[in-house]
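Accompanying notes for the structure given below.
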Amino acid sequence: MSAANADSAATLPDPAPAPGGPAAPAGLSVVLPAYRDGHRIRATAAALREHLDSRLGTGPAAWEVVVADDGSDDGTAAAVLAEAAADPRIRLVRLDAPRGRGAALRAGVAASTGRRILLADAGLAVPPEELDRLEPLLAPPADLPADRNPHAPAPEAAEAAEAAEAAEAPRLPVAVLGRTGSRLVRALGIPGVPGFRADTCGFALLDGDRARAAFAASALDGPAVDAEVTRLLRRESGPGAVAEVPVRRSAAPTGPPGRRPAGGRRRALADLWRLNAGGLAVAGVFLALSFYLFHGLWADLDGRYLRDALQDQNQWEWFTGVVTDNVTHLRNPLFTTAQGMPDGVNLMANATMLGLNVPFIPITLLFGETVTFALVLTLGMAASAWTWYWLIRRRFVRGRWAAAAGGALAAFAPPMVSHANGHPNFVVLFMLPLIVDRALRLCEGRRVVRDGVLLGLFAAYQILIGEEPLLIAALGMLLFCLAYLAVDRRRALAAARPLARGLAIALAVCLPLVAVPLYWQFLGPQSYHSVLHGDNAGNSPRALIEYAARSLFGDAETAARLSMNTTEQNAFYGWPLLAFGTAVCVWLWRRPGIRALALTGAAALLLSLGPRVRLPLTDIVLPGPWAALAHAPLFESVIEGRVAMVCAPILGILLALALDGAARARAREVRTLGLLAAAAAVIPVLPLPLAVRDRAPVPAFVTSGAWKDYVREGEALVPVPLPDPGQADALHWQVEADFGFRLAGGYFNGPWGEDRIGIYGAPPRHLSNLLRDVRYGAPAPEATPEWREQARRDLAHWKAGAVVLPSQDRADELRGLLTGLLGAEPERVRDVWVWRVGPR
């Protein structure tokens, strides 16, 4: 159910006419690049003649062999001419000087006339009999409709609209590559150049016209032309244009290959650079944009803190540190008692991001938790933009920079920038485009088992990065499926069967991999079944059209009134961008995929309004569509306003389509108008760098290790006030102390009460509430016997070893209160007051 169509596919130039070729096109052209192959080319020609005559016939147009001699200085050309004199179906194309395999292939393919082209090598490393494995995939079934047959004549003008719509259906391959050896061996085909598949087109069968057009559009002269042509074919014909089939290698090739001049490795590297320069440039732009967003934090990692992160930066750095500490000390990475004493924290039930924090353990050990935090955010947002760019270019547009603009909007949209203040799990989303692409491949129904297995692996990894983003993405994909069913029932039902089968395979792969973490999350110690978010978790209707605090046209006060907090500005796309997206949908409304995307975005925005919707400027409250999901399993813990984030990639796709269409428009006025409209929509929501502030210093009592004399193994340190979602600097103390002590209180998600409702922070106790109230202005009560007994019970519950009062506002009132409650004067230890409360 891809929304790609013929309008968004790359268009290759018309193939050049074959110079000097026979008048009638051949049924099959075999193109052999040759260099210094005079010792074996005649044996190769004889072997091909024998096989092709027996298989295709002896007629003059049954087949042809085109030998492309790359300027050999031996007898290669003479040997080919001798064979050509005996059989005119064998022809020679010769370059004046050696230019490389790519140049030879380009010349040979251009000279060919066949309806199909077989690429082989001069030594027949793959025997010609293996053609039987490739041909069935390229042959269309007899009953295939003409508008889905890549070999059929082009439709008439009256059928153009129907053909454009049919282009969204799965296509047959236009090229079938013979695969020899393992993928790893092929990936290391050129020594010292990992990732280069040397034999991509070593033995391949291609549609003749498509192959001639692709090679004519190619620019590389070296061996990397194989990868370049494969990309061109995929881009021109869409996903599924290229298939791979295992083939066997010949036991006895016709002879050793001729040696090419030195410098082949350098040339391969240069070709690889040219082949990937555009994608690398896009990645560089994304990385620069991400660094621009976080440059204030990078300027002083030790002394700066994201101003609008609230306590989330402290929390996430603590997650990084506790995972590192658990793994390096061979403890359970899914649970800890480092905070929340004595009950501890179910790490799997929190946004611990094991999928990134575990691989980043070496970075954390070498450079610290703040460096890991900054790296994950910076690299994660750039990687997310790149994978969205990859998906958009693969399935929607041909223009690189149009796709890059769409990827940038998907990853750096206002909701993402808001969450970048302290929610890495909601901005490191590079797996989601890969999951979407794999689901679309399942709909095409070609390699269901492989795609299902990969989808299961991708989903398992995403669960270890962020479950809620995956759940929201799954909701968005479900909405898209339902929307597609409404707009194109026939294709939706055709895709349903392979999709259902692939999803069953994906679940069979995914669930065993995450069974233990999920069991621990939902049934393990300190698990909970839902989270209370309050009554303002949904978006205000005005939040859909206003600007976020860190958008170029944003106003922090307005955004604050319309959102839960600065990290939860989950919509704020601005009215120009929404109007622009609507206009693009109207422009492309005839395409079912666009109609489905539009319905998906509208449904996501409506759901994000929450279970109750207050109409702006009135006291009228209406029931919202989220009410149907509010108490459903899993969804009961979702902050419903976040569902609007589904619209970020949708708007990115629409932006890319608009820019690509404008760039290809013939009329200059249309191009200018399209670019101006896109600029007017995007400029107001351009992101501003995230604001930073000075970080609260860690007390010398902690950094010096003086705490070790007051807190023994198994005891907790009790900061005043205790850490909670409103003030969690003590978590940073613990990180700086390498988790040498445990903390009472904390900032995490855990259960509360007999119903095990999820709350933020540890269950409150009388003493923790009292200390918090006095710290923020309440008068200190008299230290009555009842209060002293309550303090004793609470400290015993926390297994407290010491109570620590750092310098802060109302420190004198807190010191007097604690002295009365504990019945003892504190000690001054460096820069804090300390009461010993543990047994000695």
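Letters for chains follow the order of the structure tokens (A, B, ...), residue numbers begin at 1 for each chain, and ligand numbers begin at 1 in the order shown.
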
Q: List the neighbours of stretch 388-391 of chain A out to 10 Å using only C-alpha atoms; skip same-chain residues closer than 5 positions along the sequence, and give me the result as a VMD selection string.
A: chain A and resid 279 282 to 283 383 396 to 397 400 to 411 429 to 434 436 to 437 649 652 to 653 656

Q) Which neighbours of A:Thr324 fall inside 12 Å, counting only C-alpha atoms, when residues of the same chain fewer than 6 positions from it are skipped, and could you give them as a list in words? A)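 Once the adjacent positions are removed, what remains is Glu317, Trp318, Leu330, Arg331, Asn332, Pro333, Leu334, Thr336, Thr352, Met353, Leu354, Leu356, Asn357, Val358, Pro359, Phe360, Ile361, Pro362, Ile363, Thr364, Leu365, Leu366, Gly368, Glu369, Thr372, Val735, Asp738 and Phe739 of chain A.
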
Q: Just list the residues in stretch 633-783 of chain A DSSP gives helix (DSSP H, G or I) on the backbone, as an MDAnalysis selection string.
A: chainID A and resid 635:637 640:664 668:685 700:703 706:709 729:736 766:775

How close does each residue of stretch 438-518 of chain A get to stretch 346-349 of chain A, giving the shortest atom pair and distance in Å to one decimal for every residue with an atom at most 10 Å away, counting only C-alpha atoms, sorted by chain and residue number, as a Markdown table?
| residue | atom | partner | partner_atom | distance |
| --- | --- | --- | --- | --- |
| A:Leu464 | CA | A:Met348 | CA | 8.6 |
| A:Glu467 | CA | A:Ala349 | CA | 9.8 |
| A:Pro517 | CA | A:Met348 | CA | 6.5 |
| A:Leu518 | CA | A:Met348 | CA | 7.5 |

Can you write just those residues out, N, CA and C atoms, as a tab-separated table (two decimals), in the first residue's frame?
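So out09.tsv came out as:
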chain	number	residue	atom	x	y	z
A	464	LEU	N	13.45	-2.04	22.91
A	464	LEU	CA	14.54	-1.75	23.85
A	464	LEU	C	15.05	-0.32	23.73
A	467	GLU	N	9.34	2.01	23.84
A	467	GLU	CA	8.11	1.28	23.58
A	467	GLU	C	6.96	2.21	23.19
A	517	PRO	N	12.30	-9.33	29.17
A	517	PRO	CA	12.12	-7.91	29.55
A	517	PRO	C	10.66	-7.50	29.72
A	518	LEU	N	9.77	-7.97	28.83
A	518	LEU	CA	8.37	-7.59	28.95
A	518	LEU	C	7.72	-8.23	30.18

Q: Identify, on the basis of only C-alpha atoms, every residue whose closest approach to A:Gly714 does not exceed 10 Å; exclude the query and any residue fewer than 3 positions from it along the same chain; express the result as a ChimeraX atom specification.
A: /A:337-338,341-342,711,741-742,799-801

Mind writing the picked residues with all heavy atoms as a PDB file, in the first residue's frame?
ATOM      1  N   THR A 337      18.121  -0.968  43.114  1.00  0.00           N
ATOM      2  CA  THR A 337      17.703  -0.291  44.351  1.00  0.00           C
ATOM      3  C   THR A 337      18.543   0.964  44.583  1.00  0.00           C
ATOM      4  O   THR A 337      18.609   1.470  45.695  1.00  0.00           O
ATOM      5  CB  THR A 337      17.832  -1.237  45.554  1.00  0.00           C
ATOM      6  OG1 THR A 337      19.177  -1.741  45.629  1.00  0.00           O
ATOM      7  CG2 THR A 337      16.856  -2.389  45.457  1.00  0.00           C
ATOM      8  N   ALA A 338      19.169   1.467  43.512  1.00  0.00           N
ATOM      9  CA  ALA A 338      20.006   2.656  43.657  1.00  0.00           C
ATOM     10  C   ALA A 338      19.190   3.866  44.093  1.00  0.00           C
ATOM     11  O   ALA A 338      19.684   4.738  44.811  1.00  0.00           O
ATOM     12  CB  ALA A 338      20.743   2.949  42.351  1.00  0.00           C
ATOM     13  N   MET A 341      14.717   3.610  47.549  1.00  0.00           N
ATOM     14  CA  MET A 341      14.901   2.661  48.648  1.00  0.00           C
ATOM     15  C   MET A 341      13.651   2.630  49.546  1.00  0.00           C
ATOM     16  O   MET A 341      13.022   3.653  49.774  1.00  0.00           O
ATOM     17  CB  MET A 341      16.109   3.075  49.481  1.00  0.00           C
ATOM     18  CG  MET A 341      17.432   2.617  48.917  1.00  0.00           C
ATOM     19  SD  MET A 341      17.671   0.835  49.136  1.00  0.00           S
ATOM     20  CE  MET A 341      18.066   0.744  50.898  1.00  0.00           C
ATOM     21  N   PRO A 342      13.294   1.417  50.036  1.00  0.00           N
ATOM     22  CA  PRO A 342      13.972   0.128  49.834  1.00  0.00           C
ATOM     23  C   PRO A 342      13.394  -0.689  48.683  1.00  0.00           C
ATOM     24  O   PRO A 342      13.891  -1.759  48.378  1.00  0.00           O
ATOM     25  CB  PRO A 342      13.692  -0.585  51.150  1.00  0.00           C
ATOM     26  CG  PRO A 342      12.304  -0.142  51.495  1.00  0.00           C
ATOM     27  CD  PRO A 342      12.208   1.299  51.047  1.00  0.00           C
ATOM     28  N   VAL A 711      27.415   6.611  55.283  1.00  0.00           N
ATOM     29  CA  VAL A 711      26.441   5.709  54.656  1.00  0.00           C
ATOM     30  C   VAL A 711      27.133   4.369  54.399  1.00  0.00           C
ATOM     31  O   VAL A 711      28.075   4.293  53.612  1.00  0.00           O
ATOM     32  CB  VAL A 711      25.906   6.289  53.335  1.00  0.00           C
ATOM     33  CG1 VAL A 711      24.860   5.350  52.737  1.00  0.00           C
ATOM     34  CG2 VAL A 711      25.307   7.675  53.554  1.00  0.00           C
ATOM     35  N   PHE A 741      26.413   5.048  46.704  1.00  0.00           N
ATOM     36  CA  PHE A 741      25.391   5.011  47.749  1.00  0.00           C
ATOM     37  C   PHE A 741      24.013   4.903  47.098  1.00  0.00           C
ATOM     38  O   PHE A 741      23.840   5.145  45.907  1.00  0.00           O
ATOM     39  CB  PHE A 741      25.456   6.254  48.641  1.00  0.00           C
ATOM     40  CG  PHE A 741      25.341   7.563  47.892  1.00  0.00           C
ATOM     41  CD1 PHE A 741      24.103   8.068  47.499  1.00  0.00           C
ATOM     42  CD2 PHE A 741      26.480   8.316  47.599  1.00  0.00           C
ATOM     43  CE1 PHE A 741      24.002   9.271  46.820  1.00  0.00           C
ATOM     44  CE2 PHE A 741      26.381   9.521  46.916  1.00  0.00           C
ATOM     45  CZ  PHE A 741      25.145   9.995  46.523  1.00  0.00           C
ATOM     46  N   ARG A 742      23.031   4.534  47.912  1.00  0.00           N
ATOM     47  CA  ARG A 742      21.645   4.460  47.463  1.00  0.00           C
ATOM     48  C   ARG A 742      20.893   5.686  47.934  1.00  0.00           C
ATOM     49  O   ARG A 742      21.318   6.349  48.880  1.00  0.00           O
ATOM     50  CB  ARG A 742      20.991   3.183  47.983  1.00  0.00           C
ATOM     51  CG  ARG A 742      21.730   1.922  47.537  1.00  0.00           C
ATOM     52  CD  ARG A 742      21.120   0.676  48.140  1.00  0.00           C
ATOM     53  NE  ARG A 742      21.890  -0.513  47.789  1.00  0.00           N
ATOM     54  CZ  ARG A 742      21.572  -1.746  48.129  1.00  0.00           C
ATOM     55  NH1 ARG A 742      20.483  -1.971  48.877  1.00  0.00           N
ATOM     56  NH2 ARG A 742      22.316  -2.764  47.758  1.00  0.00           N
ATOM     57  N   LYS A 799      15.711   2.816  55.298  1.00  0.00           N
ATOM     58  CA  LYS A 799      17.016   2.259  55.700  1.00  0.00           C
ATOM     59  C   LYS A 799      18.087   3.341  55.619  1.00  0.00           C
ATOM     60  O   LYS A 799      19.174   3.158  55.078  1.00  0.00           O
ATOM     61  CB  LYS A 799      17.389   1.065  54.824  1.00  0.00           C
ATOM     62  CG  LYS A 799      16.400  -0.095  54.925  1.00  0.00           C
ATOM     63  CD  LYS A 799      16.843  -1.292  54.092  1.00  0.00           C
ATOM     64  CE  LYS A 799      15.833  -2.448  54.233  1.00  0.00           C
ATOM     65  NZ  LYS A 799      16.217  -3.620  53.432  1.00  0.00           N
ATOM     66  N   ALA A 800      17.749   4.479  56.197  1.00  0.00           N
ATOM     67  CA  ALA A 800      18.613   5.655  56.091  1.00  0.00           C
ATOM     68  C   ALA A 800      19.878   5.488  56.915  1.00  0.00           C
ATOM     69  O   ALA A 800      19.849   4.995  58.045  1.00  0.00           O
ATOM     70  CB  ALA A 800      17.852   6.898  56.542  1.00  0.00           C
ATOM     71  N   GLY A 801      20.988   5.915  56.336  1.00  0.00           N
ATOM     72  CA  GLY A 801      22.245   5.970  57.072  1.00  0.00           C
ATOM     73  C   GLY A 801      22.583   7.389  57.483  1.00  0.00           C
ATOM     74  O   GLY A 801      23.189   7.612  58.526  1.00  0.00           O
TER      75      GLY A 801
END

Q: Fewer than 5 positions away in the same chain doesn't count, so skip those; otherwise give me all residues within 8 Å of A:Glu83, counting only C-alpha atoms, as a list in words.
A: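 What passes the distance filter is Arg42, Ala45 and Ile90 of chain A.
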
Q: Name the residues in contact with stretch 216-221 of chain A at a cut-off of 10 Å, using only C-alpha atoms, excluding same-chain residues fewer than 5 positions from it; report them as a PyMOL selection string.
A: chain A and resi 11-16+98-107+109-110+210-211+226-229+231-232+267-268+270-272+274-275

Q) Given the choices A:Leu814, A:Trp835, A:Trp298, A:Leu289, which gets closest to A:Leu686 if the distance is worked out from only C-alpha atoms? A) A:Leu289

Q) Looking at A:Ala495, A:Ala648, A:Val67, A:Leu454, which one is nearest to A:Leu597, with distances taken over only C-alpha atoms? A)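 Residue with the minimum atom-to-atom distance to A:Leu597: A:Ala648.
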
Q | 10 Å contact set for A:Ala504, only C-alpha atoms, chain neighbours under 4 positions out, as a PyMOL selection string | A | chain A and resi 449+452-453+456+498-500+508-510

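Coordinates place atom CA of A:Phe701 at a distance of 21.0 Å from atom CA of A:Glu813.
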